[in-house]
Amino acid sequence: MAGLLSGCGTSYDLPGVDDAVNARANAMFAQAKAAPPRAAATPAAGAARFQRVASRVQPVAERLCNAELAEKGADCRVQLGLDMQRTDRNAYFTYAGPGNGNPVIRFTVPMLQDVESDDEVAFIMGHEYGHLIGQHIVKQQQQAVAGALILGAITAYGNAQAASAGQSYDPNAVSRNMEIGAAVGSKAYSQTYELESDMLGTRIAMAAGYDPVKGAQFFARDEAARSRNGQLSFWGTHPADSRRLAVVLATVDQVKAGPADRE
């Protein structure tokens with residue numbers, strides 16, 4: 001299964017992270033974790049910040065998306081806006097149309113109340129665009145199909161062998177194991193996709209004139225220190241650790257070094 005799923009992995013090589021970068025990331029992580037609680041912004045201030053950042057990030061991200069995915073015919077015209085219904089602190093990427101059409105990026109209002117700077121919004125926005133450019137949902141769908149078919153085929157073969165030997169077997173095992181295979185397959189590269197999105201988000205934020213290192217500090221802060229408004233956060237399904245900060249730092253170093261020194 002691992003071999004067949006490998007074709008659905010990441011599209012980009014992550015920058016190398018050496019001991020010096022790790023040390024910087026660890027220090028930054030510790031400093032951000034020690035940050036005290038702060039008051040949340042008003043919904044109006046958060047919405048204004050979102051619009052301000054989006055006006056700069058969206059054209060940069062769309063140009064990169066078109067350059068990277070033109071041959072694949074992917075839709076790069078993202079519907080970028082606010083989710084006025086959800087009450088958790090979150091930002092997410094998805095598709096609103098069939099066949100992975102009408103890409104959507106949404107920020108919840110509590111998320112925008114919680115961020116501390118335009119740099120943080122820019123990095124988060126770039127990260128979500130990274131999921132589109134990296135084709136992560138498409139790949140997860142492919143991985144789910146591959147996992148279901150592989151584990152289903154293995155189970156069917158086992159049932160056939162048992163039947164030919166006159167042994168009992170579970171007639172529902174194939175469908176059940178196909179569901180398990182789909183679930184395992186869809187998550188095969190989930191953490192790697194997050195790192196890839198961090199790298200792409202860093203590049204997008206920098207190209208739009210923001211500081212992704214300051215932006216990524218949002219994800220290092222302790223949950224209780226991020227704001228006084230509840231315990232839900234964007235990072236709930238994206239575990240924060242110094243490794244992710246190291247990828248951001250290494251990407252910044254790579255961009256500053258120039259194309260000739262890129263890996």
# chains A, B, ... in the order shown; residues from 1 in each chain; ligands from 1
>>> residues_around(residues="stretch 96-105 of chain A", least_positions_apart="6", cutoff="6 Å", atoms="only C-alpha atoms", output="ChimeraX atom specification")
/A:78-80
>>> write_last_selection(atoms="N, CA, C and O atoms", output="PDB file, in the first residue's frame")
ATOM      1  N   VAL A  78     -10.009  31.443  -6.369  1.00  0.00           N
ATOM      2  CA  VAL A  78     -10.509  31.108  -5.039  1.00  0.00           C
ATOM      3  C   VAL A  78     -11.565  32.110  -4.578  1.00  0.00           C
ATOM      4  O   VAL A  78     -11.410  33.325  -4.735  1.00  0.00           O
ATOM      5  N   GLN A  79     -12.645  31.567  -4.024  1.00  0.00           N
ATOM      6  CA  GLN A  79     -13.635  32.400  -3.350  1.00  0.00           C
ATOM      7  C   GLN A  79     -13.128  32.622  -1.927  1.00  0.00           C
ATOM      8  O   GLN A  79     -13.262  31.771  -1.063  1.00  0.00           O
ATOM      9  N   LEU A  80     -12.529  33.776  -1.715  1.00  0.00           N
ATOM     10  CA  LEU A  80     -11.888  34.095  -0.445  1.00  0.00           C
ATOM     11  C   LEU A  80     -12.815  34.978   0.374  1.00  0.00           C
ATOM     12  O   LEU A  80     -13.198  36.068  -0.063  1.00  0.00           O
TER      13      LEU A  80
END
>>> residues_around(residues="A:Ala216", least_positions_apart="3", cutoff="7 Å", atoms="only C-alpha atoms", output="PDB file with N, CA and C atoms, in the first residue's frame")
ATOM      1  N   GLU A 120       0.260  37.497  10.624  1.00  0.00           N
ATOM      2  CA  GLU A 120      -0.338  36.215  10.984  1.00  0.00           C
ATOM      3  C   GLU A 120      -1.453  35.841  10.003  1.00  0.00           C
ATOM      4  N   PHE A 123       0.144  34.759   6.684  1.00  0.00           N
ATOM      5  CA  PHE A 123       0.722  33.413   6.703  1.00  0.00           C
ATOM      6  C   PHE A 123      -0.373  32.354   6.671  1.00  0.00           C
ATOM      7  N   PRO A 212       6.570  36.111   7.237  1.00  0.00           N
ATOM      8  CA  PRO A 212       5.991  34.821   7.623  1.00  0.00           C
ATOM      9  C   PRO A 212       6.511  34.289   8.949  1.00  0.00           C
ATOM     10  N   VAL A 213       7.699  34.733   9.375  1.00  0.00           N
ATOM     11  CA  VAL A 213       8.232  34.294  10.664  1.00  0.00           C
ATOM     12  C   VAL A 213       7.366  34.870  11.788  1.00  0.00           C
ATOM     13  N   PHE A 219       1.044  30.115  15.751  1.00  0.00           N
ATOM     14  CA  PHE A 219       0.850  28.689  15.943  1.00  0.00           C
ATOM     15  C   PHE A 219       1.698  28.096  17.046  1.00  0.00           C
ATOM     16  N   LEU A 245       7.898  25.488  12.634  1.00  0.00           N
ATOM     17  CA  LEU A 245       8.539  26.794  12.644  1.00  0.00           C
ATOM     18  C   LEU A 245       9.902  26.713  11.941  1.00  0.00           C
TER      19      LEU A 245
END
>>> atom_distance(atom1="atom CA of A:Arg203", atom2="atom CA of A:Tyr92")
18.5 Å
>>> select_by_dssp(residues="stretch 9-111 of chain A", states="strand (DSSP E or B)", output="compact mmCIF listing (two decimals) with C-alpha atoms, in the first residue's frame")
# COMPACT_ATOMS: atom_id res chain seq x y z
CA GLN A 79 -13.63 32.40 -3.35
CA LEU A 80 -11.89 34.09 -0.44
CA GLY A 81 -14.16 35.29 2.33
CA LEU A 82 -15.53 35.06 5.84
CA ASP A 83 -17.47 32.19 7.37
CA ALA A 91 -9.39 28.93 8.62
CA TYR A 92 -9.88 26.28 5.96
CA PHE A 93 -9.65 25.37 2.28
CA THR A 94 -12.24 23.30 0.44
CA TYR A 95 -14.11 23.00 -2.86
CA ALA A 96 -17.68 24.26 -3.25
CA GLY A 97 -18.37 22.70 -6.63
CA GLY A 101 -14.30 23.06 -8.75
CA ASN A 102 -14.93 26.45 -7.14
CA PRO A 103 -12.09 26.46 -4.58
CA VAL A 104 -12.95 28.22 -1.32
CA ILE A 105 -10.88 29.66 1.53
CA ARG A 106 -12.76 30.86 4.58
CA PHE A 107 -11.77 32.51 7.87
CA THR A 108 -14.11 32.48 10.83
>>> residues_around(residues="stretch 253-259 of chain A", least_positions_apart="3", cutoff="10 Å", atoms="only C-alpha atoms", output="number ranges by chain")
A: 15-16, 21, 202-203, 206-207, 247-250, 262-263
>>> residues_around(residues="A:Glu68", least_positions_apart="3", cutoff="12 Å", atoms="only C-alpha atoms", output="JSON, numbers by chain")
{"A": [11, 12, 61, 62, 63, 64, 65, 71, 72, 73, 74, 75, 76, 130, 132, 133, 134, 135, 200]}
>>> write_last_selection(atoms="N, CA, C and O atoms", output="PDB file, in the first residue's frame")
ATOM      1  N   SER A  11       4.374  17.557  -3.805  1.00  0.00           N
ATOM      2  CA  SER A  11       4.866  17.982  -5.118  1.00  0.00           C
ATOM      3  C   SER A  11       6.176  18.731  -5.027  1.00  0.00           C
ATOM      4  O   SER A  11       6.851  18.919  -6.040  1.00  0.00           O
ATOM      5  N   TYR A  12       6.552  19.168  -3.836  1.00  0.00           N
ATOM      6  CA  TYR A  12       7.714  20.023  -3.670  1.00  0.00           C
ATOM      7  C   TYR A  12       8.658  19.431  -2.624  1.00  0.00           C
ATOM      8  O   TYR A  12       8.217  18.780  -1.677  1.00  0.00           O
ATOM      9  N   ALA A  61      -0.968  34.851  -4.629  1.00  0.00           N
ATOM     10  CA  ALA A  61      -1.247  33.418  -4.549  1.00  0.00           C
ATOM     11  C   ALA A  61      -1.871  32.897  -5.838  1.00  0.00           C
ATOM     12  O   ALA A  61      -1.552  31.791  -6.294  1.00  0.00           O
ATOM     13  N   GLU A  62      -2.738  33.691  -6.438  1.00  0.00           N
ATOM     14  CA  GLU A  62      -3.388  33.253  -7.669  1.00  0.00           C
ATOM     15  C   GLU A  62      -2.382  33.142  -8.812  1.00  0.00           C
ATOM     16  O   GLU A  62      -2.450  32.208  -9.623  1.00  0.00           O
ATOM     17  N   ARG A  63      -1.449  34.091  -8.880  1.00  0.00           N
ATOM     18  CA  ARG A  63      -0.423  33.998  -9.922  1.00  0.00           C
ATOM     19  C   ARG A  63       0.429  32.748  -9.748  1.00  0.00           C
ATOM     20  O   ARG A  63       0.752  32.058 -10.724  1.00  0.00           O
ATOM     21  N   LEU A  64       0.809  32.448  -8.498  1.00  0.00           N
ATOM     22  CA  LEU A  64       1.602  31.246  -8.246  1.00  0.00           C
ATOM     23  C   LEU A  64       0.806  29.999  -8.587  1.00  0.00           C
ATOM     24  O   LEU A  64       1.329  29.064  -9.204  1.00  0.00           O
ATOM     25  N   CYS A  65      -0.456  29.978  -8.209  1.00  0.00           N
ATOM     26  CA  CYS A  65      -1.317  28.833  -8.498  1.00  0.00           C
ATOM     27  C   CYS A  65      -1.428  28.596  -9.997  1.00  0.00           C
ATOM     28  O   CYS A  65      -1.279  27.469 -10.482  1.00  0.00           O
ATOM     29  N   GLU A  71      -1.004  23.468 -16.402  1.00  0.00           N
ATOM     30  CA  GLU A  71      -1.080  22.265 -17.225  1.00  0.00           C
ATOM     31  C   GLU A  71      -2.107  21.267 -16.701  1.00  0.00           C
ATOM     32  O   GLU A  71      -2.574  20.403 -17.453  1.00  0.00           O
ATOM     33  N   LYS A  72      -2.454  21.374 -15.425  1.00  0.00           N
ATOM     34  CA  LYS A  72      -3.431  20.447 -14.838  1.00  0.00           C
ATOM     35  C   LYS A  72      -4.859  20.956 -14.971  1.00  0.00           C
ATOM     36  O   LYS A  72      -5.808  20.244 -14.611  1.00  0.00           O
ATOM     37  N   GLY A  73      -5.007  22.185 -15.448  1.00  0.00           N
ATOM     38  CA  GLY A  73      -6.347  22.731 -15.622  1.00  0.00           C
ATOM     39  C   GLY A  73      -7.069  23.006 -14.319  1.00  0.00           C
ATOM     40  O   GLY A  73      -8.298  23.041 -14.283  1.00  0.00           O
ATOM     41  N   ALA A  74      -6.318  23.207 -13.242  1.00  0.00           N
ATOM     42  CA  ALA A  74      -6.949  23.453 -11.948  1.00  0.00           C
ATOM     43  C   ALA A  74      -7.529  24.859 -11.896  1.00  0.00           C
ATOM     44  O   ALA A  74      -7.041  25.788 -12.543  1.00  0.00           O
ATOM     45  N   ASP A  75      -8.599  25.001 -11.142  1.00  0.00           N
ATOM     46  CA  ASP A  75      -9.259  26.292 -10.952  1.00  0.00           C
ATOM     47  C   ASP A  75      -8.544  27.038  -9.829  1.00  0.00           C
ATOM     48  O   ASP A  75      -8.534  26.592  -8.686  1.00  0.00           O
ATOM     49  N   CYS A  76      -7.949  28.174 -10.140  1.00  0.00           N
ATOM     50  CA  CYS A  76      -7.210  28.954  -9.143  1.00  0.00           C
ATOM     51  C   CYS A  76      -7.984  30.179  -8.668  1.00  0.00           C
ATOM     52  O   CYS A  76      -7.463  30.970  -7.874  1.00  0.00           O
ATOM     53  N   GLY A 130      -1.697  27.138  -0.029  1.00  0.00           N
ATOM     54  CA  GLY A 130      -0.762  26.047  -0.221  1.00  0.00           C
ATOM     55  C   GLY A 130      -1.457  24.707  -0.397  1.00  0.00           C
ATOM     56  O   GLY A 130      -0.993  23.846  -1.155  1.00  0.00           O
ATOM     57  N   LEU A 132      -4.318  24.304  -1.876  1.00  0.00           N
ATOM     58  CA  LEU A 132      -4.801  24.301  -3.260  1.00  0.00           C
ATOM     59  C   LEU A 132      -3.655  24.030  -4.219  1.00  0.00           C
ATOM     60  O   LEU A 132      -3.752  23.145  -5.088  1.00  0.00           O
ATOM     61  N   ILE A 133      -2.558  24.777  -4.087  1.00  0.00           N
ATOM     62  CA  ILE A 133      -1.439  24.642  -5.009  1.00  0.00           C
ATOM     63  C   ILE A 133      -0.797  23.263  -4.900  1.00  0.00           C
ATOM     64  O   ILE A 133      -0.377  22.673  -5.902  1.00  0.00           O
ATOM     65  N   GLY A 134      -0.744  22.721  -3.695  1.00  0.00           N
ATOM     66  CA  GLY A 134      -0.212  21.372  -3.501  1.00  0.00           C
ATOM     67  C   GLY A 134      -1.181  20.277  -3.886  1.00  0.00           C
ATOM     68  O   GLY A 134      -0.825  19.094  -3.867  1.00  0.00           O
ATOM     69  N   GLN A 135      -2.422  20.655  -4.254  1.00  0.00           N
ATOM     70  CA  GLN A 135      -3.461  19.691  -4.668  1.00  0.00           C
ATOM     71  C   GLN A 135      -3.702  18.630  -3.602  1.00  0.00           C
ATOM     72  O   GLN A 135      -3.866  17.438  -3.898  1.00  0.00           O
ATOM     73  N   LEU A 200       4.834  26.676   1.205  1.00  0.00           N
ATOM     74  CA  LEU A 200       4.203  27.488   0.168  1.00  0.00           C
ATOM     75  C   LEU A 200       3.610  28.761   0.757  1.00  0.00           C
ATOM     76  O   LEU A 200       3.709  29.842   0.161  1.00  0.00           O
TER      77      LEU A 200
END
>>> atom_distance(atom1="atom CA of A:Gln191", atom2="atom CA of A:Arg49")
28.8 Å
>>> closest_residue(among="A:Tyr129, A:Phe50, A:Phe218, A:Tyr193", to="A:Ala32", atoms="only C-alpha atoms")
A:Phe218
>>> closest_residue(among="A:His136, A:Pro110, A:Ala41, A:Gln31", to="A:Met84", atoms="only C-alpha atoms")
A:Pro110
>>> select_by_dssp(residues="stretch 45-140 of chain A", states="alpha helix (DSSP H)", output="JSON, numbers by chain")
{"A": [45, 46, 47, 48, 49, 50, 51, 52, 53, 54, 55, 56, 57, 58, 59, 60, 61, 62, 63, 64, 65, 66, 67, 68, 69, 109, 110, 111, 112, 113, 114, 118, 119, 120, 121, 122, 123, 124, 125, 126, 127, 128, 129, 130, 131, 132, 133, 136, 137, 138, 139, 140]}
